[in-house]
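**Q** Next comes entry-v2.cif, mmCIF, C-alpha atoms:
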```
data_entry
#
loop_
_atom_site.label_atom_id
_atom_site.label_comp_id
_atom_site.auth_asym_id
_atom_site.auth_seq_id
_atom_site.Cartn_x
_atom_site.Cartn_y
_atom_site.Cartn_z
CA MET Q 6 10.62 5.92 -10.63
CA SER Q 7 7.45 6.92 -8.80
CA THR Q 8 7.38 6.92 -5.02
CA LEU Q 9 5.11 6.32 -2.06
CA THR Q 10 4.80 8.66 0.87
CA VAL Q 11 5.55 6.58 3.95
CA SER Q 12 4.46 7.68 7.43
CA VAL Q 13 5.36 5.79 10.59
CA VAL Q 14 3.45 6.94 13.65
CA THR Q 15 3.46 5.76 17.28
CA PRO Q 16 1.45 6.90 20.31
CA ASP Q 17 4.46 9.12 21.12
CA GLY Q 18 4.24 10.89 17.74
CA PRO Q 19 5.62 10.61 14.21
CA VAL Q 20 8.82 8.63 13.66
CA LEU Q 21 9.24 9.05 9.91
CA GLU Q 22 7.61 10.70 6.91
CA ASP Q 23 9.45 10.47 3.59
CA ALA Q 24 9.15 9.24 0.00
CA PHE Q 25 10.30 5.72 -0.91
CA GLU Q 26 10.04 3.47 -3.95
CA MET Q 27 9.23 0.28 -2.03
CA VAL Q 28 8.11 -0.85 1.43
CA SER Q 29 8.68 -4.41 2.68
CA CYS Q 30 7.27 -5.63 5.97
CA LYS Q 31 5.90 -8.67 7.77
CA ALA Q 32 2.18 -8.81 8.33
CA GLU Q 33 0.54 -11.56 10.35
CA SER Q 34 -0.48 -13.17 7.04
CA GLY Q 35 3.08 -13.10 5.64
CA GLU Q 36 5.67 -10.90 3.94
CA LEU Q 37 4.38 -7.86 2.02
CA GLY Q 38 6.08 -5.84 -0.70
CA ILE Q 39 4.38 -2.56 -1.56
CA LEU Q 40 5.07 -0.44 -4.64
CA PRO Q 41 3.36 2.76 -5.84
CA GLY Q 42 -0.13 2.01 -7.14
CA HIS Q 43 -0.69 -0.93 -4.76
CA ILE Q 44 -4.32 -1.80 -4.04
CA PRO Q 45 -5.73 -0.34 -0.82
CA MET Q 46 -5.48 -2.65 2.17
CA VAL Q 47 -5.08 -2.81 5.94
CA ALA Q 48 -2.98 -5.49 7.63
CA PRO Q 49 -1.83 -6.21 11.19
CA LEU Q 50 1.97 -6.19 11.55
CA THR Q 51 4.21 -8.53 13.52
CA ILE Q 52 7.28 -7.57 15.53
CA SER Q 53 9.73 -7.09 12.67
CA ALA Q 54 11.81 -4.70 10.61
CA VAL Q 55 10.15 -2.50 8.02
CA ARG Q 56 12.46 -2.12 5.03
CA LEU Q 57 12.24 1.07 2.98
CA LYS Q 58 13.96 1.46 -0.38
CA GLY Q 59 14.33 4.59 -2.45
CA GLU Q 60 16.76 6.64 -4.53
CA GLY Q 61 19.80 4.48 -3.85
CA LYS Q 62 19.17 4.30 -0.13
CA SER Q 63 17.76 1.58 2.05
CA ASP Q 64 16.40 2.21 5.54
CA ARG Q 65 15.09 -0.09 8.24
CA ILE Q 66 12.82 0.64 11.17
CA ALA Q 67 12.14 -1.71 14.09
CA VAL Q 68 8.38 -1.94 14.76
CA SER Q 69 6.67 -3.78 17.58
CA GLY Q 70 3.39 -4.71 15.98
CA GLY Q 71 0.68 -2.35 14.88
CA PHE Q 72 -1.15 -1.86 11.60
CA LEU Q 73 -0.25 -1.07 8.01
CA GLU Q 74 -2.62 0.98 5.87
CA VAL Q 75 -1.89 1.02 2.15
CA ARG Q 76 -3.35 3.46 -0.37
CA PRO Q 77 -2.13 3.77 -3.97
CA GLU Q 78 0.35 6.58 -3.20
CA LYS Q 79 0.68 6.44 0.60
CA VAL Q 80 1.61 3.88 3.26
CA THR Q 81 0.85 4.60 6.90
CA ILE Q 82 2.22 2.42 9.68
CA LEU Q 83 0.55 2.81 13.06
CA ALA Q 84 2.88 1.02 15.45
CA GLN Q 85 2.90 0.49 19.20
CA SER Q 86 6.59 1.41 19.01
CA ALA Q 87 8.97 2.16 16.15
CA GLU Q 88 12.66 3.05 16.18
CA LYS Q 89 15.18 4.07 13.58
CA PRO Q 90 18.59 2.40 14.00
CA ALA Q 91 20.17 5.62 15.24
CA ASP Q 92 17.51 5.89 17.99
CA ILE Q 93 18.02 2.36 19.34
CA ASP Q 94 19.84 2.14 22.68
CA ILE Q 95 21.91 -0.95 21.86
CA ASP Q 96 22.99 -1.63 25.47
CA ARG Q 97 19.37 -1.47 26.65
CA ALA Q 98 18.32 -3.83 23.86
CA ARG Q 99 21.04 -6.33 24.80
CA MET Q 100 20.03 -6.22 28.46
CA ALA Q 101 16.37 -6.72 27.54
CA LYS Q 102 17.31 -9.76 25.43
CA GLU Q 103 19.35 -11.29 28.25
CA ARG Q 104 16.58 -10.61 30.80
CA ALA Q 105 13.93 -12.22 28.56
CA GLU Q 106 16.15 -15.26 27.91
CA ARG Q 107 16.71 -15.72 31.67
CA ARG Q 108 12.97 -15.52 32.35
CA LEU Q 109 12.24 -18.13 29.68
CA GLN Q 110 14.90 -20.49 31.09
CA ASP Q 111 13.83 -20.16 34.74
CA LYS Q 112 10.76 -22.44 34.41
CA GLN Q 113 9.03 -20.76 37.35
CA ALA Q 114 5.26 -21.02 37.51
CA ASP Q 115 4.75 -17.32 38.19
CA ILE Q 116 6.44 -16.19 34.93
CA ASP Q 117 4.25 -15.07 32.05
CA PHE Q 118 5.97 -16.98 29.24
CA GLN Q 119 4.04 -15.27 26.45
CA ARG Q 120 5.08 -11.85 27.76
CA ALA Q 121 8.72 -13.00 28.05
CA GLU Q 122 8.65 -14.38 24.48
CA MET Q 123 7.28 -11.07 23.16
CA ALA Q 124 9.99 -9.14 25.05
CA LEU Q 125 12.63 -11.44 23.54
CA LYS Q 126 11.24 -10.93 20.01
CA ARG Q 127 11.22 -7.14 20.46
CA ALA Q 128 14.82 -7.14 21.74
CA ILE Q 129 16.05 -9.39 18.92
CA ASN Q 130 14.28 -7.21 16.36
CA ARG Q 131 15.85 -4.04 17.75
CA LEU Q 132 19.31 -5.63 17.77
CA ASP Q 133 18.85 -6.91 14.22
CA VAL Q 134 17.78 -3.51 12.87
CA TYR Q 135 20.67 -1.77 14.66
CA GLU Q 136 23.35 -4.27 13.63
CA ASN Q 137 22.24 -4.51 9.97
CA ASN Q 138 22.28 -0.76 9.55
CA PHE Q 139 25.70 0.16 10.95
#
```
Represent the structure of the file as structure tokens.
**A**
Amino acid sequence: MSTLTVSVVTPDGPVLEDAFEMVSCKAESGELGILPGHIPMVAPLTISAVRLKGEGKSDRIAVSGGFLEVRPEKVTILAQSAEKPADIDIDRARMAKERAERRLQDKQADIDFQRAEMALKRAINRLDVYENNF
């Protein structure tokens, strides 16, 4: 089966570059499935897992927003942050989740609820990618 070259890049540098048969991710407009030969497009991504399938293997990467650029034989993901399961500090992710949940429950006027919700989504995404890969 033909493949796509997939590149995941963050401001800190490249996270992944490899060939895969399919890319699945969540854009702001909904779930996307990309196969070789897909029409060119650009889409903003949500905080979610990017699923990569190829040659009997399946990988997941936790991304915290960014953009997806699709060309017929290449997919580039420009993410604010992206982590492979092996790179996720699971204890730090759990603490971030607990901290965000506490902030959302406190009901104090000086708390930025939108920021706390985003932190909670990022932590849950990281935990999900880690736990569904090991």
**Q** Applying the PyMOL selection byres ((chain Q and resi 28-43) around 8) to the file I just gave you, which residues come out? Please list them as an MDAnalysis selection string.
**A** chainID Q and resid 7:9 25:27 44:45 48:58 75:79
**Q** So which one's closest to Ala105 of chain Q, Q:Glu122, Q:Asp92, Q:Asp17, Q:Asp117? Using all atoms listed in the file, please.
**A**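 Going through Q:Glu122, Q:Asp92, Q:Asp17, Q:Asp117 one by one, the smallest distance to Ala105 of chain Q is for Q:Glu122.
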**Q** One decimal, in Å: what's the spacing between atom CA of Gly61 of chain Q and atom CA of Thr81 of chain Q?
**A**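 Between atom CA of Gly61 of chain Q and atom CA of Thr81 of chain Q the gap is 21.8 Å.
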**Q** When distances are computed from all atoms listed in the file, which of Q:Leu125, Q:Met6, Q:Gly70, Q:Tyr135 shows the smallest separation from Asp94 of chain Q?
**A**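 The closest residue to Asp94 of chain Q is Q:Tyr135.
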**Q** Using only C-alpha atoms, can you tell me which of Q:Val134, Q:Ala87, Q:Val80, Q:Ala98 comes closest to Ser63 of chain Q?
**A**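 Closest to Ser63 of chain Q, using only C-alpha atoms: Q:Val134.
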**Q** Rounded to one decimal place, report the atom CA of Val68 of chain Q-atom CA of Ser86 of chain Q distance in Å.
**A**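 Atom CA of Val68 of chain Q sits 5.7 Å away from atom CA of Ser86 of chain Q.
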**Q** May I ask which of the residues Q:Asp111, Q:Ile93, Q:Ile116, Q:Glu60 is the closest one to Glu136 of chain Q, counting all atoms listed in the file?
**A** Q:Ile93
**Q** Calculate how many Å separate atom CA of Gln110 of chain Q from atom CA of Lys126 of chain Q, rounding to one decimal.
**A**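 Spanning atom CA of Gln110 of chain Q to atom CA of Lys126 of chain Q is a straight-line distance of 15.1 Å.
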**Q** Using all atoms listed in the file, which of Q:Glu74, Q:Glu88, Q:Ala101, Q:Asn138 sits nearest Ala121 of chain Q?
**A** Q:Ala101
